[in-house]
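Asker: Dropping the structure in here first, questions after.
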Amino acid sequence: NESEDHVSGQALGEMLGISRAGVLRHIEKLRKMGYVIDSESRKGHRLLGGEVYSAYSVELSMRHFLPVTFLEETSSTNDVAKRLEGAAGVVIAARQTAGRGRKSRAFASDEGGVYLSAWFTSAYFGDRPLAPKEAVKSVLFAGLAVCRMLDSFGVKGELKWPNDVLVGGRKLTG
């Protein structure tokens, strides 16, 4: 690659649906958060390093820009999501102390993982409430989306009903 993996401000703006000036504002915010970004005239911008994820970085990458709440530690992202107001959102934690799965089964939520809960109320869908059968499909589609993302990195993910994703026989997400 001629640009050594740099991406132009114009290309970033088109991907994010914002102006080149907007891209520069976001780059400055990212730098203040600790990201190391190389910017070169006629080449563009290149991420060299920084923190793995944050509410801001996740929010930047989300197509619909849902509100994101980021916590270093919480009992359960799902418990936090249930207390938040709004039509939709995402709660992310670096560690959970009381994570639960189906049938309230406890699971390990050690530091180094990404623990996330997303919620959508009927208000998010406007005039048309989400039918129960569509809600079930959305959970299945979320699992399939994770498998497709893993595949793009050359990792073989398997879907176990309804949305658990296994890699090498071990649960990655669900």
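Going by the structure tokens order, chains are called A, B, ..., each with residues numbered from 1, while ligands are numbered from 1 in the order shown.
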Check the DSSP output for the backbone and give back, as a count of residues only, the residues of chain A in strand (DSSP E).
Answerer: 45
Asker: Compile the contact shell of Gly44 (chain A) as a ChimeraX atom specification: residues with an atom at most 8 Å away, counting only C-alpha atoms, same-chain residues fewer than 2 positions apart removed.
Answerer: /A:3,6-9,39-42,46
Asker: To one decimal place in Å, what is the distance between CA of Gly89 (chain A) and CA of Ser138 (chain A)?
Answerer: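 Between CA of Gly89 (chain A) and CA of Ser138 (chain A) the gap is 15.3 Å.
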Asker: Can you pull out every residue within 9 Å of Phe141 (chain A), counting only C-alpha atoms, but drop anything in the same chain fewer than 5 positions away, and send it as a PyMOL selection string?
Answerer: chain A and resi 136+146+163
Asker: Would you list, as a ChimeraX atom specification, the residues of region 21-119 of chain A that end up in alpha helix (DSSP H) under DSSP run on this structure's backbone?
Answerer: /A:21-32,55-61,77-83
Asker: Would you export the selected residues with C-alpha atoms as a PDB file, in the first residue's frame, please?
Answerer:
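Printed below is again-v3.pdb as written:
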ATOM      1  CA  ALA A  21     -13.250  18.980   9.621  1.00  0.00           C
ATOM      2  CA  GLY A  22     -15.384  16.639  11.727  1.00  0.00           C
ATOM      3  CA  VAL A  23     -12.792  13.910  11.239  1.00  0.00           C
ATOM      4  CA  LEU A  24     -10.074  16.248  12.530  1.00  0.00           C
ATOM      5  CA  ARG A  25     -12.166  17.128  15.594  1.00  0.00           C
ATOM      6  CA  HIS A  26     -12.629  13.430  16.362  1.00  0.00           C
ATOM      7  CA  ILE A  27      -8.923  12.745  15.843  1.00  0.00           C
ATOM      8  CA  GLU A  28      -8.062  15.468  18.357  1.00  0.00           C
ATOM      9  CA  LYS A  29     -10.510  13.973  20.883  1.00  0.00           C
ATOM     10  CA  LEU A  30      -8.960  10.547  20.349  1.00  0.00           C
ATOM     11  CA  ARG A  31      -5.473  11.967  20.892  1.00  0.00           C
ATOM     12  CA  LYS A  32      -6.630  13.541  24.172  1.00  0.00           C
ATOM     13  CA  ALA A  55     -17.317   4.493  25.196  1.00  0.00           C
ATOM     14  CA  TYR A  56     -16.183   7.139  22.727  1.00  0.00           C
ATOM     15  CA  SER A  57     -14.361   4.731  20.404  1.00  0.00           C
ATOM     16  CA  VAL A  58     -17.310   2.336  20.411  1.00  0.00           C
ATOM     17  CA  GLU A  59     -19.740   5.190  19.809  1.00  0.00           C
ATOM     18  CA  LEU A  60     -17.646   6.371  16.853  1.00  0.00           C
ATOM     19  CA  SER A  61     -17.849   2.951  15.260  1.00  0.00           C
ATOM     20  CA  THR A  77     -24.095  -4.568  32.402  1.00  0.00           C
ATOM     21  CA  ASN A  78     -27.643  -5.891  32.089  1.00  0.00           C
ATOM     22  CA  ASP A  79     -28.587  -4.497  35.525  1.00  0.00           C
ATOM     23  CA  VAL A  80     -27.185  -1.088  34.560  1.00  0.00           C
ATOM     24  CA  ALA A  81     -29.018  -1.143  31.206  1.00  0.00           C
ATOM     25  CA  LYS A  82     -32.333  -1.828  32.963  1.00  0.00           C
ATOM     26  CA  ARG A  83     -31.891   1.328  35.086  1.00  0.00           C
TER      27      ARG A  83
END
Asker: One decimal, Å: what's the distance from CA of Glu72 (chain A) over to CA of Gly157 (chain A), could you say?
Answerer: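 Computing it gives 27.3 Å between the two atoms.
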Asker: Nearest residue to Leu48 (chain A) out of A:Asp5, A:Val114, A:Gly154, A:Arg20, using only C-alpha atoms?
Answerer: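 The shortest atom-to-atom distance to Leu48 (chain A) comes from A:Asp5.
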Asker: Please provide as a ChimeraX atom specification all residues within 12 Å of region 170-174 of chain A, with the sequence filter that same-chain residues fewer than 4 positions apart are discarded (counting only C-alpha atoms).
Answerer: /A:99-102,107-109,113-117,139-147,150,155-166
Asker: Any chance you could export the current selection's N, CA, C and O atoms as a compact mmCIF listing (two decimals), in the first residue's frame?
Answerer:
# COMPACT_ATOMS: atom_id res chain seq x y z
N GLY A 99 -21.94 -11.18 36.62
CA GLY A 99 -22.54 -11.41 35.31
C GLY A 99 -23.42 -12.65 35.32
O GLY A 99 -23.15 -13.61 36.05
N ARG A 100 -24.50 -12.59 34.55
CA ARG A 100 -25.44 -13.71 34.49
C ARG A 100 -25.80 -14.00 33.04
O ARG A 100 -25.90 -13.10 32.23
N GLY A 101 -26.05 -15.24 32.78
CA GLY A 101 -26.48 -15.67 31.47
C GLY A 101 -27.91 -16.18 31.53
O GLY A 101 -28.69 -15.80 32.41
N ARG A 102 -28.25 -17.08 30.60
CA ARG A 102 -29.59 -17.67 30.59
C ARG A 102 -29.87 -18.38 31.89
O ARG A 102 -28.97 -18.97 32.50
N PHE A 107 -21.44 -16.39 35.24
CA PHE A 107 -20.31 -16.69 34.38
C PHE A 107 -19.14 -15.78 34.72
O PHE A 107 -19.33 -14.70 35.27
N ALA A 108 -17.93 -16.24 34.41
CA ALA A 108 -16.71 -15.49 34.70
C ALA A 108 -16.66 -14.25 33.84
O ALA A 108 -16.92 -14.30 32.63
N SER A 109 -16.36 -13.14 34.45
CA SER A 109 -16.28 -11.86 33.73
C SER A 109 -15.00 -11.15 34.14
O SER A 109 -15.02 -10.03 34.62
N GLY A 113 -11.82 -8.91 29.15
CA GLY A 113 -12.92 -9.19 28.24
C GLY A 113 -13.67 -7.91 27.93
O GLY A 113 -13.35 -6.83 28.43
N VAL A 114 -14.69 -8.03 27.11
CA VAL A 114 -15.59 -6.93 26.83
C VAL A 114 -16.98 -7.44 27.16
O VAL A 114 -17.45 -8.39 26.54
N TYR A 115 -17.61 -6.84 28.13
CA TYR A 115 -18.94 -7.27 28.59
C TYR A 115 -19.92 -6.18 28.21
O TYR A 115 -19.74 -5.02 28.57
N LEU A 116 -20.94 -6.55 27.46
CA LEU A 116 -21.79 -5.57 26.82
C LEU A 116 -23.24 -5.99 26.88
O LEU A 116 -23.56 -7.16 26.69
N SER A 117 -24.10 -5.02 27.15
CA SER A 117 -25.54 -5.22 27.05
C SER A 117 -26.11 -4.09 26.20
O SER A 117 -25.72 -2.93 26.37
N VAL A 139 -31.88 -11.53 18.15
CA VAL A 139 -30.88 -12.17 19.00
C VAL A 139 -30.07 -13.16 18.17
O VAL A 139 -28.84 -13.22 18.26
N LEU A 140 -30.74 -13.94 17.35
CA LEU A 140 -30.07 -14.90 16.47
C LEU A 140 -29.17 -14.17 15.47
O LEU A 140 -28.02 -14.55 15.27
N PHE A 141 -29.67 -13.08 14.89
CA PHE A 141 -28.88 -12.31 13.92
C PHE A 141 -27.64 -11.70 14.57
O PHE A 141 -26.59 -11.59 13.94
N ALA A 142 -27.73 -11.31 15.84
CA ALA A 142 -26.57 -10.77 16.55
C ALA A 142 -25.47 -11.83 16.63
O ALA A 142 -24.29 -11.54 16.37
N GLY A 143 -25.84 -13.05 16.96
CA GLY A 143 -24.87 -14.15 17.00
C GLY A 143 -24.26 -14.42 15.64
O GLY A 143 -23.04 -14.64 15.51
N LEU A 144 -25.09 -14.40 14.61
CA LEU A 144 -24.59 -14.61 13.25
C LEU A 144 -23.63 -13.49 12.84
O LEU A 144 -22.61 -13.74 12.18
N ALA A 145 -23.95 -12.26 13.23
CA ALA A 145 -23.07 -11.13 12.90
C ALA A 145 -21.70 -11.30 13.54
O ALA A 145 -20.67 -11.02 12.92
N VAL A 146 -21.65 -11.78 14.77
CA VAL A 146 -20.37 -12.02 15.44
C VAL A 146 -19.59 -13.10 14.69
O VAL A 146 -18.38 -12.97 14.46
N CYS A 147 -20.27 -14.17 14.28
CA CYS A 147 -19.60 -15.24 13.52
C CYS A 147 -19.02 -14.71 12.21
O CYS A 147 -17.89 -15.05 11.84
N LEU A 150 -15.93 -12.61 13.00
CA LEU A 150 -14.80 -13.49 13.31
C LEU A 150 -14.22 -14.08 12.03
O LEU A 150 -12.99 -14.15 11.85
N VAL A 155 -11.07 -16.42 11.85
CA VAL A 155 -11.38 -17.21 13.04
C VAL A 155 -12.70 -17.92 12.82
O VAL A 155 -13.69 -17.31 12.43
N LYS A 156 -12.73 -19.22 13.07
CA LYS A 156 -13.94 -20.02 12.87
C LYS A 156 -14.81 -19.97 14.12
O LYS A 156 -14.47 -20.52 15.15
N GLY A 157 -15.94 -19.28 14.02
CA GLY A 157 -16.90 -19.23 15.11
C GLY A 157 -18.08 -20.14 14.80
O GLY A 157 -18.45 -20.31 13.65
N GLU A 158 -18.63 -20.74 15.85
CA GLU A 158 -19.81 -21.60 15.69
C GLU A 158 -20.94 -21.02 16.50
O GLU A 158 -20.73 -20.57 17.63
N LEU A 159 -22.14 -21.04 15.95
CA LEU A 159 -23.30 -20.52 16.64
C LEU A 159 -24.04 -21.64 17.34
O LEU A 159 -24.35 -22.67 16.75
N LYS A 160 -24.28 -21.44 18.64
CA LYS A 160 -25.05 -22.37 19.44
C LYS A 160 -26.31 -21.63 19.87
O LYS A 160 -26.23 -20.49 20.32
N TRP A 161 -27.43 -22.23 19.72
CA TRP A 161 -28.72 -21.59 19.98
C TRP A 161 -28.76 -20.92 21.34
O TRP A 161 -28.29 -21.49 22.30
N PRO A 162 -29.36 -19.73 21.46
CA PRO A 162 -29.84 -18.90 20.36
C PRO A 162 -28.78 -17.93 19.84
O PRO A 162 -28.79 -17.57 18.69
N ASN A 163 -27.83 -17.52 20.70
CA ASN A 163 -26.85 -16.56 20.21
C ASN A 163 -25.46 -16.74 20.83
O ASN A 163 -24.65 -15.84 20.79
N ASP A 164 -25.20 -17.90 21.41
CA ASP A 164 -23.86 -18.15 21.94
C ASP A 164 -22.91 -18.41 20.77
O ASP A 164 -23.22 -19.17 19.86
N VAL A 165 -21.75 -17.79 20.81
CA VAL A 165 -20.74 -18.00 19.78
C VAL A 165 -19.57 -18.72 20.44
O VAL A 165 -19.03 -18.28 21.44
N LEU A 166 -19.22 -19.85 19.84
CA LEU A 166 -18.12 -20.67 20.35
C LEU A 166 -16.94 -20.58 19.40
O LEU A 166 -17.11 -20.56 18.18
Asker: Excluding same-chain residues fewer than 3 positions from Gln10 (chain A), what lies within 8 Å of it counting only C-alpha atoms, as an MDAnalysis selection string?
Answerer: chainID A and resid 13:14 19:20
Asker: With C-alpha atoms retained, could you export that selection as a PDB file, in the first residue's frame?
Answerer:
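Everything below was put into selection-v4.pdb:
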ATOM      1  CA  GLY A  13     -15.386  11.286   6.572  1.00  0.00           C
ATOM      2  CA  GLU A  14     -17.252   9.275   3.942  1.00  0.00           C
ATOM      3  CA  SER A  19     -16.972  16.262   7.066  1.00  0.00           C
ATOM      4  CA  ARG A  20     -13.163  16.281   6.943  1.00  0.00           C
TER       5      ARG A  20
END
Asker: For a test of reading the model, state the distance in Å between CA of Phe125 (chain A) and CA of Ala88 (chain A), rounded to one decimal.
Answerer: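 These two atoms are separated by 9.6 Å.
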Asker: What's around region 73-76 of chain A at 6 Å? Count only C-alpha atoms, leave out sequence neighbours fewer than 4 positions away in its own chain, and write the answer as a list in words.
Answerer: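 The neighbour list is Ala93, Ala94, Arg95, Gln96, Thr97, Ala98 and Gly99 of chain A.
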